[in-house]
file work-v8.cif (mmCIF, C-alpha atoms)
data_upload
#
loop_
_atom_site.group_PDB
_atom_site.id
_atom_site.type_symbol
_atom_site.label_atom_id
_atom_site.label_comp_id
_atom_site.auth_asym_id
_atom_site.auth_seq_id
_atom_site.Cartn_x
_atom_site.Cartn_y
_atom_site.Cartn_z
ATOM 1 C CA MET K 18 5.535 40.290 26.895
ATOM 2 C CA LYS K 19 4.516 40.039 23.228
ATOM 3 C CA PRO K 20 2.455 37.032 22.074
ATOM 4 C CA ILE K 21 4.802 34.142 21.379
ATOM 5 C CA PHE K 22 5.109 33.147 17.734
ATOM 6 C CA LEU K 23 7.990 30.692 18.041
ATOM 7 C CA GLU K 24 7.557 27.951 15.423
ATOM 8 C CA LEU K 25 9.297 24.693 14.609
ATOM 9 C CA ARG K 26 10.892 26.291 11.538
ATOM 10 C CA HIS K 27 12.585 28.836 13.819
ATOM 11 C CA LEU K 28 14.052 26.060 15.944
ATOM 12 C CA LYS K 29 15.250 24.215 12.820
ATOM 13 C CA THR K 30 16.940 27.390 11.584
ATOM 14 C CA LEU K 31 18.669 28.051 14.897
ATOM 15 C CA LEU K 32 19.863 24.459 15.125
ATOM 16 C CA ALA K 33 21.246 24.660 11.589
ATOM 17 C CA LEU K 34 23.108 27.851 12.533
ATOM 18 C CA LYS K 35 24.546 26.160 15.610
ATOM 19 C CA GLU K 36 25.637 23.019 13.761
ATOM 20 C CA THR K 37 27.136 24.746 10.712
ATOM 21 C CA GLY K 38 28.480 27.892 12.392
ATOM 22 C CA SER K 39 27.663 29.833 9.234
ATOM 23 C CA VAL K 40 24.657 31.746 7.912
ATOM 24 C CA SER K 41 25.327 30.633 4.331
ATOM 25 C CA LEU K 42 25.690 26.948 5.250
ATOM 26 C CA ALA K 43 22.669 27.062 7.557
ATOM 27 C CA ALA K 44 20.562 28.558 4.778
ATOM 28 C CA LYS K 45 21.454 25.603 2.541
ATOM 29 C CA ARG K 46 20.629 23.183 5.357
ATOM 30 C CA VAL K 47 17.076 24.517 5.784
ATOM 31 C CA TYR K 48 16.595 25.255 2.060
ATOM 32 C CA LEU K 49 16.337 29.044 2.397
ATOM 33 C CA THR K 50 18.175 31.924 0.802
ATOM 34 C CA GLN K 51 20.602 33.778 3.083
ATOM 35 C CA SER K 52 18.372 36.851 3.038
ATOM 36 C CA ALA K 53 15.279 34.816 3.997
ATOM 37 C CA LEU K 54 17.152 33.183 6.875
ATOM 38 C CA SER K 55 18.509 36.527 8.104
ATOM 39 C CA HIS K 56 15.021 38.022 7.964
ATOM 40 C CA GLN K 57 13.635 35.104 9.970
ATOM 41 C CA ILE K 58 16.272 35.587 12.687
ATOM 42 C CA LYS K 59 15.745 39.354 12.733
ATOM 43 C CA LEU K 60 12.037 38.870 13.408
ATOM 44 C CA LEU K 61 12.855 36.468 16.250
ATOM 45 C CA GLU K 62 15.252 38.943 17.814
ATOM 46 C CA GLU K 63 12.696 41.727 17.511
ATOM 47 C CA GLN K 64 10.087 39.465 19.092
ATOM 48 C CA TYR K 65 12.193 38.883 22.203
ATOM 49 C CA GLY K 66 14.188 42.109 22.157
ATOM 50 C CA LEU K 67 17.385 40.091 22.405
ATOM 51 C CA VAL K 68 20.359 39.308 20.184
ATOM 52 C CA LEU K 69 20.619 35.559 19.570
ATOM 53 C CA PHE K 70 24.146 35.335 18.166
ATOM 54 C CA GLU K 71 27.116 37.510 17.243
ATOM 55 C CA ARG K 72 27.267 38.107 13.500
ATOM 56 C CA LYS K 73 30.984 38.747 13.104
ATOM 57 C CA THR K 74 32.372 35.621 14.757
ATOM 58 C CA GLN K 75 33.466 32.518 12.856
ATOM 59 C CA PRO K 76 32.000 30.127 13.762
ATOM 60 C CA LEU K 77 28.941 31.964 15.038
ATOM 61 C CA HIS K 78 28.900 32.582 18.785
ATOM 62 C CA PHE K 79 25.464 32.333 20.384
ATOM 63 C CA THR K 80 24.400 34.561 23.252
ATOM 64 C CA ALA K 81 22.770 33.189 26.403
ATOM 65 C CA ALA K 82 19.359 33.814 24.811
ATOM 66 C CA GLY K 83 20.367 31.986 21.667
ATOM 67 C CA GLU K 84 21.752 29.026 23.602
ATOM 68 C CA ARG K 85 18.460 28.733 25.490
ATOM 69 C CA LEU K 86 16.567 28.387 22.217
ATOM 70 C CA ILE K 87 19.156 25.893 20.955
ATOM 71 C CA GLN K 88 18.522 23.836 24.087
ATOM 72 C CA LEU K 89 14.800 23.953 23.338
ATOM 73 C CA ALA K 90 15.417 22.889 19.726
ATOM 74 C CA ASN K 91 17.472 19.895 20.864
ATOM 75 C CA GLU K 92 14.668 18.865 23.203
ATOM 76 C CA ILE K 93 11.679 19.459 20.936
ATOM 77 C CA LEU K 94 12.675 18.606 17.355
ATOM 78 C CA PRO K 95 13.676 14.952 17.913
ATOM 79 C CA LYS K 96 10.351 14.370 19.706
ATOM 80 C CA VAL K 97 8.372 15.961 16.882
ATOM 81 C CA ILE K 98 10.170 13.894 14.226
ATOM 82 C CA GLU K 99 9.678 10.664 16.163
ATOM 83 C CA ALA K 100 5.992 11.454 16.780
ATOM 84 C CA GLU K 101 5.465 12.027 13.061
ATOM 85 C CA ARG K 102 7.144 8.709 12.295
ATOM 86 C CA ASP K 103 4.937 6.992 14.872
ATOM 87 C CA LEU K 104 1.816 8.411 13.222
ATOM 88 C CA ALA K 105 3.052 7.231 9.829
ATOM 89 C CA ARG K 106 3.637 3.741 11.209
ATOM 90 C CA VAL K 107 0.138 3.654 12.694
ATOM 91 C CA LYS K 108 -1.373 4.728 9.380
ATOM 92 C CA GLU K 109 0.648 2.584 6.991
ATOM 93 C CA GLY K 110 2.334 -0.100 9.039
ATOM 94 C CA GLU K 111 5.999 -0.459 9.856
ATOM 95 C CA ALA K 112 7.096 -3.113 7.385
ATOM 96 C CA GLY K 113 8.041 -2.760 3.741
ATOM 97 C CA GLU K 114 10.800 -3.026 1.183
ATOM 98 C CA LEU K 115 13.028 -0.296 -0.206
ATOM 99 C CA ARG K 116 15.486 -1.273 -2.935
ATOM 100 C CA ILE K 117 17.807 1.504 -4.065
ATOM 101 C CA ALA K 118 19.461 1.888 -7.460
ATOM 102 C CA VAL K 119 22.187 4.415 -8.264
ATOM 103 C CA GLU K 120 23.769 5.700 -11.449
ATOM 104 C CA CYS K 121 26.783 7.427 -9.903
ATOM 105 C CA HIS K 122 29.860 5.743 -8.449
ATOM 106 C CA THR K 123 30.260 8.328 -5.692
ATOM 107 C CA CYS K 124 26.658 7.971 -4.462
ATOM 108 C CA PHE K 125 27.660 5.304 -1.958
ATOM 109 C CA ASP K 126 29.843 7.813 -0.078
ATOM 110 C CA TRP K 127 26.804 9.715 1.146
ATOM 111 C CA LEU K 128 24.052 7.107 0.833
ATOM 112 C CA MET K 129 25.465 4.709 3.419
ATOM 113 C CA PRO K 130 25.251 7.109 6.424
ATOM 114 C CA ALA K 131 21.690 8.030 5.420
ATOM 115 C CA MET K 132 20.748 4.359 5.159
ATOM 116 C CA ASP K 133 22.169 3.694 8.612
ATOM 117 C CA GLY K 134 20.114 6.544 10.074
ATOM 118 C CA PHE K 135 16.968 5.372 8.288
ATOM 119 C CA ARG K 136 17.311 1.800 9.599
ATOM 120 C CA GLN K 137 17.181 3.076 13.178
ATOM 121 C CA HIS K 138 13.752 4.621 12.583
ATOM 122 C CA TRP K 139 12.285 1.962 10.279
ATOM 123 C CA PRO K 140 13.806 -1.332 11.486
ATOM 124 C CA LEU K 141 11.149 -3.449 9.767
ATOM 125 C CA VAL K 142 11.678 -1.905 6.333
ATOM 126 C CA GLU K 143 13.989 -4.133 4.322
ATOM 127 C CA LEU K 144 16.580 -1.744 2.910
ATOM 128 C CA ASP K 145 18.914 -2.874 0.147
ATOM 129 C CA ILE K 146 20.998 -1.550 -2.752
ATOM 130 C CA VAL K 147 20.394 -3.075 -6.160
ATOM 131 C CA SER K 148 23.730 -4.658 -7.013
ATOM 132 C CA GLY K 149 25.964 -2.911 -9.525
ATOM 133 C CA PHE K 150 26.119 0.419 -11.335
ATOM 134 C CA HIS K 151 23.076 1.153 -13.503
ATOM 135 C CA THR K 152 22.585 3.380 -16.543
ATOM 136 C CA ASP K 153 18.801 2.868 -16.636
ATOM 137 C CA THR K 154 17.622 3.287 -13.063
ATOM 138 C CA VAL K 155 14.187 4.499 -14.166
ATOM 139 C CA GLY K 156 13.760 1.226 -16.055
ATOM 140 C CA LEU K 157 14.450 -0.620 -12.810
ATOM 141 C CA LEU K 158 11.698 1.390 -11.122
ATOM 142 C CA LEU K 159 9.185 0.720 -13.878
ATOM 143 C CA THR K 160 9.858 -3.025 -13.797
ATOM 144 C CA HIS K 161 9.691 -3.088 -9.976
ATOM 145 C CA ARG K 162 13.293 -4.214 -9.623
ATOM 146 C CA ALA K 163 14.013 -1.081 -7.594
ATOM 147 C CA ASP K 164 11.860 1.259 -5.484
ATOM 148 C CA TRP K 165 13.999 4.388 -5.148
ATOM 149 C CA ALA K 166 16.735 5.673 -7.453
ATOM 150 C CA VAL K 167 19.379 8.380 -7.630
ATOM 151 C CA VAL K 168 19.535 10.042 -11.059
ATOM 152 C CA SER K 169 21.494 12.952 -12.501
ATOM 153 C CA GLU K 170 18.816 14.210 -14.886
ATOM 154 C CA ILE K 171 15.049 14.365 -14.985
ATOM 155 C CA GLU K 172 13.592 12.292 -17.778
ATOM 156 C CA GLU K 173 9.862 12.907 -17.837
ATOM 157 C CA THR K 174 8.373 9.419 -17.586
ATOM 158 C CA VAL K 175 4.761 8.443 -16.975
ATOM 159 C CA GLY K 176 4.402 6.995 -13.500
ATOM 160 C CA ILE K 177 7.747 8.308 -12.157
ATOM 161 C CA VAL K 178 8.206 11.151 -9.659
ATOM 162 C CA HIS K 179 11.440 13.160 -9.407
ATOM 163 C CA LYS K 180 12.465 15.245 -6.386
ATOM 164 C CA PRO K 181 15.625 17.365 -6.060
ATOM 165 C CA LEU K 182 18.449 16.230 -3.792
ATOM 166 C CA PHE K 183 21.282 18.728 -4.301
ATOM 167 C CA SER K 184 23.663 20.412 -6.715
ATOM 168 C CA TYR K 185 27.433 20.103 -6.373
ATOM 169 C CA GLU K 186 30.609 21.336 -8.054
ATOM 170 C CA MET K 187 32.847 19.118 -10.153
ATOM 171 C CA VAL K 188 36.522 20.092 -9.789
ATOM 172 C CA GLY K 189 39.574 19.289 -11.844
ATOM 173 C CA LEU K 190 42.202 17.196 -10.046
ATOM 174 C CA CYS K 191 45.909 16.844 -10.742
ATOM 175 C CA ALA K 192 49.170 16.079 -8.963
ATOM 176 C CA LYS K 193 50.722 18.876 -6.919
ATOM 177 C CA ASP K 194 53.611 19.251 -9.362
ATOM 178 C CA HIS K 195 51.564 18.787 -12.539
ATOM 179 C CA PRO K 196 51.849 21.693 -15.039
ATOM 180 C CA LEU K 197 48.091 22.358 -14.737
ATOM 181 C CA SER K 198 48.444 22.915 -10.986
ATOM 182 C CA ALA K 199 49.737 26.404 -11.812
ATOM 183 C CA LYS K 200 46.348 27.367 -13.280
ATOM 184 C CA ALA K 201 43.505 28.421 -10.973
ATOM 185 C CA VAL K 202 40.869 27.725 -13.625
ATOM 186 C CA TRP K 203 40.961 25.025 -16.296
ATOM 187 C CA GLN K 204 39.392 25.669 -19.663
ATOM 188 C CA ALA K 205 38.305 23.025 -22.174
ATOM 189 C CA GLU K 206 41.560 23.495 -24.120
ATOM 190 C CA ASP K 207 43.605 22.501 -21.068
ATOM 191 C CA PHE K 208 42.383 18.921 -21.447
ATOM 192 C CA ILE K 209 43.913 18.530 -24.916
ATOM 193 C CA ASP K 210 46.864 16.103 -24.861
ATOM 194 C CA GLN K 211 45.984 15.018 -21.309
ATOM 195 C CA THR K 212 44.979 11.560 -20.114
ATOM 196 C CA LEU K 213 41.566 11.861 -18.495
ATOM 197 C CA ILE K 214 40.844 9.322 -15.758
ATOM 198 C CA THR K 215 37.147 8.582 -15.314
ATOM 199 C CA TYR K 216 34.743 5.957 -14.121
ATOM 200 C CA PRO K 217 33.880 3.378 -16.823
ATOM 201 C CA VAL K 218 30.555 4.922 -17.870
ATOM 202 C CA PRO K 219 29.136 6.188 -21.187
ATOM 203 C CA ASP K 220 30.377 9.631 -22.225
ATOM 204 C CA ASP K 221 26.892 11.137 -22.002
ATOM 205 C CA MET K 222 26.895 10.424 -18.270
ATOM 206 C CA LEU K 223 30.065 12.446 -17.656
ATOM 207 C CA ASP K 224 29.237 16.151 -17.340
ATOM 208 C CA LEU K 225 32.826 17.193 -18.103
ATOM 209 C CA LEU K 226 32.644 15.554 -21.507
ATOM 210 C CA ARG K 227 29.019 16.349 -22.249
ATOM 211 C CA LYS K 228 28.993 19.984 -21.114
ATOM 212 C CA VAL K 229 32.589 21.181 -21.568
ATOM 213 C CA LEU K 230 34.789 19.064 -23.840
ATOM 214 C CA HIS K 231 32.601 17.523 -26.537
ATOM 215 C CA PRO K 232 30.904 20.832 -27.485
ATOM 216 C CA LYS K 233 34.392 22.056 -28.431
ATOM 217 C CA GLY K 234 35.362 18.857 -30.217
ATOM 218 C CA ILE K 235 37.828 17.810 -27.520
ATOM 219 C CA ASN K 236 38.103 14.108 -26.718
ATOM 220 C CA PRO K 237 41.198 13.392 -24.615
ATOM 221 C CA THR K 238 42.849 10.021 -24.129
ATOM 222 C CA ARG K 239 40.938 8.047 -21.543
ATOM 223 C CA ARG K 240 41.780 5.714 -18.687
ATOM 224 C CA THR K 241 39.114 4.281 -16.404
ATOM 225 C CA SER K 242 38.770 2.903 -12.907
ATOM 226 C CA GLU K 243 35.786 1.733 -10.865
ATOM 227 C CA LEU K 244 37.114 3.097 -7.562
ATOM 228 C CA THR K 245 37.455 6.717 -6.439
ATOM 229 C CA ILE K 246 40.587 5.963 -4.420
ATOM 230 C CA ALA K 247 42.181 4.337 -7.480
ATOM 231 C CA ILE K 248 41.448 7.456 -9.558
ATOM 232 C CA ILE K 249 43.019 9.612 -6.839
ATOM 233 C CA GLN K 250 46.125 7.411 -6.737
ATOM 234 C CA LEU K 251 46.546 7.595 -10.510
ATOM 235 C CA VAL K 252 46.177 11.372 -10.437
ATOM 236 C CA ALA K 253 48.683 11.707 -7.590
ATOM 237 C CA SER K 254 51.133 9.567 -9.595
ATOM 238 C CA LYS K 255 50.769 11.885 -12.600
ATOM 239 C CA ARG K 256 49.214 9.165 -14.725
ATOM 240 C CA GLY K 257 46.534 11.627 -15.756
ATOM 241 C CA ILE K 258 44.019 14.204 -14.510
ATOM 242 C CA ALA K 259 40.418 13.774 -13.377
ATOM 243 C CA ALA K 260 37.190 15.586 -12.566
ATOM 244 C CA LEU K 261 35.302 14.517 -9.446
ATOM 245 C CA PRO K 262 32.749 16.038 -7.069
ATOM 246 C CA PHE K 263 34.448 18.403 -4.632
ATOM 247 C CA TRP K 264 32.999 16.530 -1.660
ATOM 248 C CA ALA K 265 34.384 13.218 -2.951
ATOM 249 C CA ALA K 266 37.861 14.663 -3.452
ATOM 250 C CA LYS K 267 38.039 16.763 -0.267
ATOM 251 C CA PRO K 268 39.462 14.070 2.085
ATOM 252 C CA TYR K 269 42.405 13.615 -0.300
ATOM 253 C CA LEU K 270 42.788 17.356 -0.833
ATOM 254 C CA ASP K 271 42.967 17.849 2.946
ATOM 255 C CA ARG K 272 45.818 15.314 3.109
ATOM 256 C CA GLY K 273 47.678 17.090 0.331
ATOM 257 C CA TYR K 274 47.721 14.127 -2.043
ATOM 258 C CA ILE K 275 46.396 16.170 -4.978
ATOM 259 C CA VAL K 276 45.145 19.671 -5.828
ATOM 260 C CA ALA K 277 41.769 20.816 -7.128
ATOM 261 C CA ARG K 278 41.037 23.489 -9.704
ATOM 262 C CA LYS K 279 37.856 25.121 -10.989
ATOM 263 C CA ILE K 280 36.630 23.956 -14.397
ATOM 264 C CA THR K 281 35.687 26.915 -16.663
ATOM 265 C CA ASP K 282 35.095 30.429 -15.386
ATOM 266 C CA GLU K 283 31.495 29.608 -14.481
ATOM 267 C CA GLY K 284 32.397 26.347 -12.761
ATOM 268 C CA LEU K 285 31.091 22.906 -13.641
ATOM 269 C CA TYR K 286 28.051 21.886 -11.609
ATOM 270 C CA SER K 287 26.079 18.645 -11.546
ATOM 271 C CA ASN K 288 22.720 17.749 -10.031
ATOM 272 C CA LEU K 289 21.225 14.728 -8.324
ATOM 273 C CA TYR K 290 17.555 13.811 -7.966
ATOM 274 C CA ALA K 291 15.570 11.100 -6.245
ATOM 275 C CA ALA K 292 13.198 9.112 -8.435
ATOM 276 C CA TYR K 293 10.465 6.684 -7.447
ATOM 277 C CA ARG K 294 7.131 5.374 -8.675
ATOM 278 C CA GLU K 295 4.171 7.755 -8.477
ATOM 279 C CA ALA K 296 2.147 4.933 -6.941
ATOM 280 C CA ASP K 297 4.541 5.009 -3.941
ATOM 281 C CA ALA K 298 4.449 8.790 -3.496
ATOM 282 C CA ASP K 299 2.268 8.578 -0.384
ATOM 283 C CA SER K 300 4.425 5.955 1.312
ATOM 284 C CA ALA K 301 5.601 7.375 4.631
ATOM 285 C CA TYR K 302 8.874 5.474 4.759
ATOM 286 C CA ILE K 303 9.805 6.374 1.168
ATOM 287 C CA ASP K 304 9.143 10.039 1.921
ATOM 288 C CA ASP K 305 11.099 9.777 5.158
ATOM 289 C CA PHE K 306 14.016 8.159 3.344
ATOM 290 C CA TYR K 307 14.098 11.099 0.911
ATOM 291 C CA GLU K 308 14.125 13.606 3.783
ATOM 292 C CA THR K 309 16.792 11.599 5.609
ATOM 293 C CA VAL K 310 19.052 11.443 2.548
ATOM 294 C CA LYS K 311 18.665 15.143 1.837
ATOM 295 C CA SER K 312 19.235 16.210 5.449
ATOM 296 C CA GLN K 313 22.205 13.867 5.904
ATOM 297 C CA SER K 314 23.805 15.085 2.677
ATOM 298 C CA PHE K 315 23.636 18.758 3.588
ATOM 299 C CA SER K 316 24.911 18.065 7.102
ATOM 300 C CA THR K 317 27.938 16.002 6.029
ATOM 301 C CA LEU K 318 28.975 16.889 2.466
ATOM 302 C CA PRO K 319 30.873 20.142 1.860
ATOM 303 C CA GLY K 320 30.030 22.520 -0.960
ATOM 304 C CA LEU K 321 26.452 21.472 -1.733
ATOM 305 C CA SER K 322 23.892 23.878 -3.172
ATOM 306 C CA VAL K 323 20.128 23.769 -2.868
ATOM 307 C CA LEU K 324 18.528 22.363 -6.007
ATOM 308 C CA GLU K 325 15.062 23.661 -6.817
#
call {"tool": "encode", "arguments": {"input": "work-v8.cif", "output": "structure tokens"}}
result
Amino acid sequence: MKPIFLELRHLKTLLALKETGSVSLAAKRVYLTQSALSHQIKLLEEQYGLVLFERKTQPLHFTAAGERLIQLANEILPKVIEAERDLARVKEGEAGELRIAVECHTCFDWLMPAMDGFRQHWPLVELDIVSGFHTDTVGLLLTHRADWAVVSEIEETVGIVHKPLFSYEMVGLCAKDHPLSAKAVWQAEDFIDQTLITYPVPDDMLDLLRKVLHPKGINPTRRTSELTIAIIQLVASKRGIAALPFWAAKPYLDRGYIVARKITDEGLYSNLYAAYREADADSAYIDDFYETVKSQSFSTLPGLSVLE
């Protein structure tokens, strides 16, 4: 038998393949390109002289050899993660405070599950969300009114660290019988004479306006709402059209309340980053919260892309 070179990264890759059922989705989960993931699996199969899963099934069907390694991954990885957390607690202590500020209304949809998971591993860290929607989250960090923030752009600031979370597609939304539902792709001109329903935020924080409409001098009539469900209801009632993250709209798309369309031929994509004070960069629980948020997002939100 050849020398064993099985590594934790191999187990993480196999588990991602099992959980997503897709090479492309698994690659996003472990932050690899599809070709890099395929190469990693090919080397594993050559190592053991066995096929680990069938390529042409959807979802992927694992062989007996593949299932044995999945079993190993389920046994080993949770123990490794917990051991690393234990070491961090020994080094830095278990208690602390982590106040989170967000600048996007839809952040709560994916932050809450991550916060719940984090609390289980760091029960003595006081975890809280800074009340309200904030346009200057970095300012909250600098004045120690928040410890961790979600931002949509990197603003180079002394003393602040930014780390990528993910990229996602913004889609156009309209009622099923709206005239724009007949178009597969919406261009900037399609928003002329429409009522655009948005969150009540400055225009420079809305990528649709900043990247697509304003460069062409288009400024449609506006209507605002604080709640995603209220925006969806207005769209379904043909009170206007909207642009929301695909993952935020998907539950309502699946129920057939509304339809989604691509915005511009290239698509409209937005990014999210984590930001925190450089002085806290070595904090184990802050780093673990970042990893928890990122992992939870890729495992639960559809249509995410890896952000470098």
call {"tool": "closest_residue", "arguments": {"input": "work-v8.cif", "among": "K:Leu104, K:Ile303, K:Val229, K:Leu321", "to": "Ser41 (chain K)", "atoms": "all atoms listed in the file"}}
result
K:Leu321
call {"tool": "closest_residue", "arguments": {"input": "work-v8.cif", "among": "K:Val40, K:Ala292, K:Ile93, K:Leu115", "to": "Ala53 (chain K)", "atoms": "all atoms listed in the file"}}
result
K:Val40
call {"tool": "resolve_selection", "arguments": {"input": "work-v8.cif", "expression": "the PyMOL selection byres ((chain K and resi 94) around 12)", "output": "number ranges by chain"}}
result
K: 24-33, 86-93, 95-101
call {"tool": "write_last_selection", "arguments": {"input": "work-v8.cif", "atoms": "C-alpha atoms", "output": "tab-separated table (two decimals), in the frame of the given file"}}
result
chain	number	residue	atom	x	y	z
K	24	GLU	CA	7.56	27.95	15.42
K	25	LEU	CA	9.30	24.69	14.61
K	26	ARG	CA	10.89	26.29	11.54
K	27	HIS	CA	12.58	28.84	13.82
K	28	LEU	CA	14.05	26.06	15.94
K	29	LYS	CA	15.25	24.22	12.82
K	30	THR	CA	16.94	27.39	11.58
K	31	LEU	CA	18.67	28.05	14.90
K	32	LEU	CA	19.86	24.46	15.12
K	33	ALA	CA	21.25	24.66	11.59
K	86	LEU	CA	16.57	28.39	22.22
K	87	ILE	CA	19.16	25.89	20.96
K	88	GLN	CA	18.52	23.84	24.09
K	89	LEU	CA	14.80	23.95	23.34
K	90	ALA	CA	15.42	22.89	19.73
K	91	ASN	CA	17.47	19.90	20.86
K	92	GLU	CA	14.67	18.86	23.20
K	93	ILE	CA	11.68	19.46	20.94
K	95	PRO	CA	13.68	14.95	17.91
K	96	LYS	CA	10.35	14.37	19.71
K	97	VAL	CA	8.37	15.96	16.88
K	98	ILE	CA	10.17	13.89	14.23
K	99	GLU	CA	9.68	10.66	16.16
K	100	ALA	CA	5.99	11.45	16.78
K	101	GLU	CA	5.46	12.03	13.06
call {"tool": "closest_residue", "arguments": {"input": "work-v8.cif", "among": "K:Ser300, K:Ser254, K:Thr245, K:Asn288", "to": "Glu114 (chain K)", "atoms": "only C-alpha atoms"}}
result
K:Ser300
call {"tool": "closest_residue", "arguments": {"input": "work-v8.cif", "among": "K:Gln137, K:Thr241, K:Thr174, K:Ser314", "to": "Val47 (chain K)", "atoms": "only C-alpha atoms"}}
result
K:Ser314
call {"tool": "closest_residue", "arguments": {"input": "work-v8.cif", "among": "K:Leu324, K:Val155, K:Ile214, K:Ala301", "to": "Gly113 (chain K)", "atoms": "all atoms listed in the file"}}
result
K:Ala301
call {"tool": "resolve_selection", "arguments": {"input": "work-v8.cif", "expression": "the PyMOL selection byres ((chain K and resi 128) around 10)", "output": "PyMOL selection string"}}
result
chain K and resi 117+119+123-127+129-133+146+167+309-311+313-314
call {"tool": "atom_distance", "arguments": {"input": "work-v8.cif", "atom1": "CA of Phe70 (chain K)", "atom2": "CA of Gly83 (chain K)"}}
result
6.1 Å
call {"tool": "closest_residue", "arguments": {"input": "work-v8.cif", "among": "K:Trp165, K:Leu49, K:Asp271, K:Ala44", "to": "Glu295 (chain K)", "atoms": "all atoms listed in the file"}}
result
K:Trp165
call {"tool": "residues_around", "arguments": {"input": "work-v8.cif", "residues": "Leu159 (chain K)", "least_positions_apart": "5", "cutoff": "10 Å", "atoms": "all atoms listed in the file", "output": "ChimeraX atom specification"}}
result
/K:154,164,174-177,293-294
call {"tool": "residues_near_point", "arguments": {"input": "work-v8.cif", "point": "(43.0, 11.5, -19.0)", "cutoff": "8 Å", "atoms": "all atoms listed in the file", "output": "PDB file with C-alpha atoms, keeping the file's coordinate frame"}}
result
ATOM      1  CA  PHE K 208      42.383  18.921 -21.447  1.00  0.00           C
ATOM      2  CA  GLN K 211      45.984  15.018 -21.309  1.00  0.00           C
ATOM      3  CA  THR K 212      44.979  11.560 -20.114  1.00  0.00           C
ATOM      4  CA  LEU K 213      41.566  11.861 -18.495  1.00  0.00           C
ATOM      5  CA  ILE K 214      40.844   9.322 -15.758  1.00  0.00           C
ATOM      6  CA  THR K 215      37.147   8.582 -15.314  1.00  0.00           C
ATOM      7  CA  PRO K 237      41.198  13.392 -24.615  1.00  0.00           C
ATOM      8  CA  THR K 238      42.849  10.021 -24.129  1.00  0.00           C
ATOM      9  CA  ARG K 239      40.938   8.047 -21.543  1.00  0.00           C
ATOM     10  CA  ARG K 240      41.780   5.714 -18.687  1.00  0.00           C
ATOM     11  CA  ARG K 256      49.214   9.165 -14.725  1.00  0.00           C
ATOM     12  CA  GLY K 257      46.534  11.627 -15.756  1.00  0.00           C
ATOM     13  CA  ILE K 258      44.019  14.204 -14.510  1.00  0.00           C
ATOM     14  CA  ALA K 259      40.418  13.774 -13.377  1.00  0.00           C
TER      15      ALA K 259
END
call {"tool": "atom_distance", "arguments": {"input": "work-v8.cif", "atom1": "CA of Asp194 (chain K)", "atom2": "CA of Lys228 (chain K)"}}
result
27.3 Å
call {"tool": "axis_aligned_box", "arguments": {"input": "work-v8.cif", "around": "region 247-262 of chain K", "padding_each_side": "6 Å", "output": "JSON"}}
result
{"center_x": 41.9, "center_y": 10.2, "center_z": -11.2, "size_x": 30.4, "size_y": 23.7, "size_z": 21.0}
call {"tool": "residues_around", "arguments": {"input": "work-v8.cif", "residues": "Leu223 (chain K)", "least_positions_apart": "2", "cutoff": "12 Å", "atoms": "all atoms listed in the file", "output": "number ranges by chain"}}
result
K: 120-122, 152, 169-170, 187, 213-221, 225-231, 259-262, 285-288
call {"tool": "atom_distance", "arguments": {"input": "work-v8.cif", "atom1": "CA of Tyr302 (chain K)", "atom2": "CA of Ala163 (chain K)"}}
result
14.9 Å
call {"tool": "residues_around", "arguments": {"input": "work-v8.cif", "residues": "region 57-63 of chain K", "least_positions_apart": "5", "cutoff": "8 Å", "atoms": "all atoms listed in the file", "output": "NGL selection string"}}
result
:K and (23 or 27 or 68-69)
call {"tool": "resolve_selection", "arguments": {"input": "work-v8.cif", "expression": "the PyMOL selection byres ((chain K and resi 275) around 12)", "output": "JSON, numbers by chain"}}
result
{"K": [188, 189, 190, 191, 192, 193, 194, 195, 197, 198, 246, 248, 249, 250, 251, 252, 253, 254, 255, 257, 258, 259, 260, 266, 267, 268, 269, 270, 271, 272, 273, 274, 276, 277, 278]}
